[in-house]
Amino acid sequence: MSGTLSEEVRRRRTFAIISHPDAGKTTLTEKLLLYGGAIHLAGSVKARRAARHATSDWMQMEQERGISVTSSVLQFEYLGKSINLLDTPGHQDFSEDTYRTLMAADSAVMLLDNRKGVEEQTRKLFEVCRLRKTPVFTFVNKCDRPGAPVLQLIDDVERELGMKCYPMMWPILDGDRFLGVYDRVDERVYLFERGEDHGSSRVETHEGALTDDHILAAIPERAISQLLEDLELLEMAGAEFSEEAFLAGEVSPVFFGSALTNFGLEPFLRRFLQLAPAPGPRQADTRMVEPEETSFTGFVFKIQANMDPKHRDRIAFVRVCSGRFEAGMQVKHIRSGKPIRLASPTQFMARERTLIEEAWPGDVIGIHDRGNLRIGDTLSADGDLEFGGIPRFSPEHFARIVIGDPMKRKQLDTGLQQLSEEGAAQVFYAESLTGPAPIVGAVGKLQFDVLLHRLEHEYNVRARLEHMSYTGARWVDGPIREIERLAHGHGRMLVYDAKQKPLVLFDSEWTMRTTVDREKDLVFYDVAP
Ligand code: G4P
């Protein structure tokens, strides 16, 4: 039985995990589900991990994983809260979708490997959070094994990301042995016992004040002195935790733990539920939309085409922004002005699709679509408001798309136009729209495989790719003569997107950085302006 709209909004926590492959996202997800009581799902997350390294062949991946490439949100209950964990695909399925998903999250957990700190994909995903000022938690994982010095890890985040940190928990270490965490806010100690079952059940925890006899007895003296020393150092560094600064995306509370052994997960989850914001107001073109408003609004942040030619349906993932959503409800599709009925909304739970009757702000629903919806579209039960679109993020892989049969150029252009509108990949032209072979750009290489497959099966165009050596791009604004001059340099190329906006492609991060730094008269953007 559901509660009132405002109760349901208050109960919701919609977040995503941002991390580099192998930091432990799958393990953490599995454990969150374990703690959330949704144990039956944990297995399927694991199966997915097993499939992960198996192959880079996309079709095979899709077959092996069933719909897991599409699985987009895990919903579970924990301590009275309804949690939506949005899937941010990594590894081979890292794509622009991974970025777009962050546009639908209200907070993010940045998961770091305790030996590696901030890594490439963490940085990229963090930038998207920064764009929206999304509050970010930092969870340093794998503390069950020796890692980099804790202060060094914190320094890494502050320096690499320009994000202030507030260590909310502090690890209690006896040499390399991870005993537990100290919560600096409620000044409590949590000690964990290593289980026999490799973390497949909840971990035994002992909790108390640092002055309690049972706590003191359980920690070797040298570990206590180390902890006291560290805490003093942190106190000296000053800075109280500011919830306001956290919610503004300016400071990240830092936690320590081990997803594998479950150490530190419960104290983290409790603080997470306390601090993570419930769905808040969202800016539309004409006004702010409050989640408690009774009429339903939402926006499409991701479209997943079904690759099975027997099932041509596509699923549009919609984040509910306000009001109660009801199955079968009629809403207005703002871009076309047409009414559409949201007939069989689906919620995605790992491998299972479940039909749902209702959804609330913060929830994600999957809508079957025949090609009417696009990424960024607004759906609204009444009123003409429109949420700001989802930005196009600058690609990192580029290829010319070549067709064997020149008579198919028209189909190719139509296919590319539609697929790029849908967000499958971005299309660029070196000269004019009808000039030489178009260039496709993607955030993840998997997007190319999907693109070729869909061109062949949906548009009857067999194409191949000639990969280009560019690794980055920036939209650029300024006098066209200046842009052309700059693009003539070594390791750079000028292209135009489908809206005729100029971009410069770069052959290395270094070329890109030095060019951006040097060309003060031009403005560069890493998302489409
Ligand atoms: P990902 O989804 O972020 O890519 O990471 P995943 O959870 O798959 O974890 C990557 C590897 O790190 C796995 O080891 C996993 O067991 C390990 N791992 C995750 N969390 C922890 C932790 O808290 N402590 C330690 N020590 N290891 C952790 P693997 O050998 O690649 O896979 P598997 O054979 O264990 O499945």
# chains A, B, ... in the order shown; residues from 1 in each chain; ligands from 1
>>> residues_near_ligand(ligand="ligand 1", cutoff="6 Å", atoms="only C-alpha atoms and all ligand atoms", output="list in words")
Pro21, Asp22, Ala23, Gly24, Lys25, Thr26, Thr27, Arg49, Asn141, Lys142, Asp144, Arg145, Ser258, Ala259 and Leu260 of chain A
>>> write_last_selection(atoms="N, CA and C atoms", output="PDB file, in the first residue's frame")
ATOM      1  N   PRO A  21      36.216   0.683 -13.904  1.00  0.00           N
ATOM      2  CA  PRO A  21      36.064  -0.766 -13.861  1.00  0.00           C
ATOM      3  C   PRO A  21      36.986  -1.407 -12.818  1.00  0.00           C
ATOM      4  N   ASP A  22      36.440  -2.414 -12.137  1.00  0.00           N
ATOM      5  CA  ASP A  22      37.179  -3.196 -11.147  1.00  0.00           C
ATOM      6  C   ASP A  22      37.302  -2.560  -9.773  1.00  0.00           C
ATOM      7  N   ALA A  23      36.725  -1.384  -9.585  1.00  0.00           N
ATOM      8  CA  ALA A  23      36.772  -0.783  -8.240  1.00  0.00           C
ATOM      9  C   ALA A  23      35.855  -1.535  -7.285  1.00  0.00           C
ATOM     10  N   GLY A  24      34.886  -2.273  -7.858  1.00  0.00           N
ATOM     11  CA  GLY A  24      33.998  -3.073  -7.001  1.00  0.00           C
ATOM     12  C   GLY A  24      32.534  -2.680  -7.084  1.00  0.00           C
ATOM     13  N   LYS A  25      32.138  -2.050  -8.182  1.00  0.00           N
ATOM     14  CA  LYS A  25      30.747  -1.600  -8.303  1.00  0.00           C
ATOM     15  C   LYS A  25      29.755  -2.763  -8.264  1.00  0.00           C
ATOM     16  N   THR A  26      30.094  -3.828  -8.995  1.00  0.00           N
ATOM     17  CA  THR A  26      29.181  -4.969  -9.018  1.00  0.00           C
ATOM     18  C   THR A  26      29.075  -5.576  -7.622  1.00  0.00           C
ATOM     19  N   THR A  27      30.213  -5.701  -6.964  1.00  0.00           N
ATOM     20  CA  THR A  27      30.210  -6.282  -5.618  1.00  0.00           C
ATOM     21  C   THR A  27      29.407  -5.394  -4.670  1.00  0.00           C
ATOM     22  N   ARG A  49      28.413 -10.236 -13.720  1.00  0.00           N
ATOM     23  CA  ARG A  49      29.850  -9.989 -13.612  1.00  0.00           C
ATOM     24  C   ARG A  49      30.620 -11.096 -14.319  1.00  0.00           C
ATOM     25  N   ASN A 141      36.959   1.664  -1.296  1.00  0.00           N
ATOM     26  CA  ASN A 141      36.667   0.223  -1.209  1.00  0.00           C
ATOM     27  C   ASN A 141      37.951  -0.615  -1.088  1.00  0.00           C
ATOM     28  N   LYS A 142      37.752  -1.854  -0.770  1.00  0.00           N
ATOM     29  CA  LYS A 142      38.831  -2.861  -0.693  1.00  0.00           C
ATOM     30  C   LYS A 142      39.763  -2.625   0.485  1.00  0.00           C
ATOM     31  N   ASP A 144      39.927  -4.121   3.060  1.00  0.00           N
ATOM     32  CA  ASP A 144      40.328  -5.392   3.696  1.00  0.00           C
ATOM     33  C   ASP A 144      41.758  -5.773   3.296  1.00  0.00           C
ATOM     34  N   ARG A 145      42.289  -5.117   2.276  1.00  0.00           N
ATOM     35  CA  ARG A 145      43.685  -5.380   1.914  1.00  0.00           C
ATOM     36  C   ARG A 145      44.452  -4.066   1.911  1.00  0.00           C
ATOM     37  N   SER A 258      34.778  -2.318   2.808  1.00  0.00           N
ATOM     38  CA  SER A 258      35.116  -3.395   1.894  1.00  0.00           C
ATOM     39  C   SER A 258      33.824  -4.061   1.453  1.00  0.00           C
ATOM     40  N   ALA A 259      33.519  -3.868   0.180  1.00  0.00           N
ATOM     41  CA  ALA A 259      32.277  -4.453  -0.336  1.00  0.00           C
ATOM     42  C   ALA A 259      32.345  -5.973  -0.298  1.00  0.00           C
ATOM     43  N   LEU A 260      33.547  -6.491  -0.466  1.00  0.00           N
ATOM     44  CA  LEU A 260      33.699  -7.937  -0.520  1.00  0.00           C
ATOM     45  C   LEU A 260      33.387  -8.581   0.830  1.00  0.00           C
TER      46      LEU A 260
END
>>> residues_around(residues="Glu158 in chain A", least_positions_apart="5", cutoff="10 Å", atoms="only C-alpha atoms", output="list in words")
Val118, Gln152, Leu153, Met163, Lys164, Cys165, Val251 and Ser252 of chain A
>>> select_by_dssp(residues="range 287-490 of chain A", states="strand (DSSP E)", output="PyMOL selection string")
chain A and resi 288-289+297-305+314-322+325-326+330-333+338-341+346-349+352-355+358-359+364-369+378-380+397-403+426-429+439-442+463-467+472-477
>>> closest_residue(among="A:Ala104, A:Ile172, A:Ile154, A:Ile303", to="Ile219 in chain A", atoms="only C-alpha atoms")
A:Ile172
>>> closest_residue(among="A:Gly415, A:Gly328, A:Gly337, A:Gly423", to="Phe301 in chain A", atoms="only C-alpha atoms")
A:Gly423
>>> decode(residues="range 103-137 of chain A", atoms="N, CA and C atoms", output="tab-separated table (two decimals), in the first residue's frame")
chain	number	residue	atom	x	y	z
A	103	MET	N	22.17	12.07	-15.27
A	103	MET	CA	21.25	13.21	-15.31
A	103	MET	C	19.95	12.87	-14.58
A	104	ALA	N	19.74	11.59	-14.33
A	104	ALA	CA	18.50	11.18	-13.68
A	104	ALA	C	18.71	10.88	-12.20
A	105	ALA	N	19.96	11.00	-11.72
A	105	ALA	CA	20.25	10.65	-10.33
A	105	ALA	C	20.22	11.89	-9.44
A	106	ASP	N	19.85	11.70	-8.20
A	106	ASP	CA	19.84	12.82	-7.25
A	106	ASP	C	21.13	12.88	-6.44
A	107	SER	N	21.85	11.77	-6.41
A	107	SER	CA	23.17	11.78	-5.77
A	107	SER	C	23.99	10.65	-6.38
A	108	ALA	N	25.28	10.65	-6.04
A	108	ALA	CA	26.15	9.61	-6.59
A	108	ALA	C	27.10	9.11	-5.51
A	109	VAL	N	27.45	7.85	-5.63
A	109	VAL	CA	28.47	7.28	-4.75
A	109	VAL	C	29.70	7.05	-5.62
A	110	MET	N	30.78	7.74	-5.29
A	110	MET	CA	32.02	7.55	-6.05
A	110	MET	C	32.83	6.47	-5.35
A	111	LEU	N	33.00	5.38	-6.06
A	111	LEU	CA	33.65	4.22	-5.48
A	111	LEU	C	35.11	4.19	-5.94
A	112	LEU	N	36.01	4.15	-4.97
A	112	LEU	CA	37.44	4.13	-5.32
A	112	LEU	C	38.10	2.86	-4.82
A	113	ASP	N	39.04	2.38	-5.58
A	113	ASP	CA	39.89	1.27	-5.17
A	113	ASP	C	40.95	1.87	-4.24
A	114	ASN	N	41.17	1.27	-3.08
A	114	ASN	CA	42.07	1.90	-2.10
A	114	ASN	C	43.53	1.92	-2.55
A	115	ARG	N	43.84	1.23	-3.65
A	115	ARG	CA	45.22	1.31	-4.15
A	115	ARG	C	45.33	2.29	-5.29
A	116	LYS	N	44.20	2.56	-5.94
A	116	LYS	CA	44.28	3.33	-7.18
A	116	LYS	C	43.73	4.74	-7.09
A	117	GLY	N	42.89	4.99	-6.10
A	117	GLY	CA	42.32	6.34	-5.97
A	117	GLY	C	41.48	6.71	-7.18
A	118	VAL	N	41.60	7.97	-7.60
A	118	VAL	CA	40.80	8.44	-8.73
A	118	VAL	C	41.38	7.89	-10.03
A	119	GLU	N	40.55	7.24	-10.83
A	119	GLU	CA	40.99	6.71	-12.12
A	119	GLU	C	40.21	7.38	-13.25
A	120	GLU	N	40.59	7.01	-14.46
A	120	GLU	CA	40.09	7.73	-15.63
A	120	GLU	C	38.56	7.83	-15.71
A	121	GLN	N	37.91	6.66	-15.59
A	121	GLN	CA	36.45	6.72	-15.74
A	121	GLN	C	35.78	7.41	-14.56
A	122	THR	N	36.39	7.29	-13.39
A	122	THR	CA	35.85	8.00	-12.22
A	122	THR	C	35.84	9.50	-12.53
A	123	ARG	N	36.94	9.95	-13.10
A	123	ARG	CA	37.09	11.38	-13.37
A	123	ARG	C	36.03	11.85	-14.37
A	124	LYS	N	35.85	11.07	-15.42
A	124	LYS	CA	34.88	11.46	-16.45
A	124	LYS	C	33.46	11.53	-15.86
A	125	LEU	N	33.13	10.51	-15.08
A	125	LEU	CA	31.78	10.47	-14.52
A	125	LEU	C	31.60	11.57	-13.49
A	126	PHE	N	32.66	11.84	-12.76
A	126	PHE	CA	32.59	12.90	-11.77
A	126	PHE	C	32.30	14.25	-12.44
A	127	GLU	N	32.89	14.46	-13.61
A	127	GLU	CA	32.67	15.72	-14.32
A	127	GLU	C	31.19	15.92	-14.65
A	128	VAL	N	30.50	14.82	-14.94
A	128	VAL	CA	29.07	14.94	-15.23
A	128	VAL	C	28.32	15.31	-13.95
A	129	CYS	N	28.76	14.76	-12.83
A	129	CYS	CA	28.14	15.13	-11.54
A	129	CYS	C	28.37	16.61	-11.26
A	130	ARG	N	29.57	17.04	-11.57
A	130	ARG	CA	29.91	18.44	-11.31
A	130	ARG	C	29.01	19.38	-12.14
A	131	LEU	N	28.80	18.96	-13.38
A	131	LEU	CA	27.95	19.73	-14.28
A	131	LEU	C	26.59	20.03	-13.65
A	132	ARG	N	26.05	19.04	-12.94
A	132	ARG	CA	24.71	19.21	-12.34
A	132	ARG	C	24.78	19.54	-10.86
A	133	LYS	N	25.99	19.70	-10.33
A	133	LYS	CA	26.18	19.93	-8.89
A	133	LYS	C	25.54	18.81	-8.06
A	134	THR	N	25.67	17.60	-8.55
A	134	THR	CA	25.11	16.45	-7.84
A	134	THR	C	25.93	16.16	-6.59
A	135	PRO	N	25.29	15.97	-5.44
A	135	PRO	CA	26.04	15.58	-4.25
A	135	PRO	C	26.72	14.22	-4.44
A	136	VAL	N	27.99	14.15	-4.06
A	136	VAL	CA	28.75	12.92	-4.28
A	136	VAL	C	29.31	12.39	-2.95
A	137	PHE	N	29.00	11.14	-2.66
A	137	PHE	CA	29.63	10.44	-1.54
A	137	PHE	C	30.89	9.77	-2.07
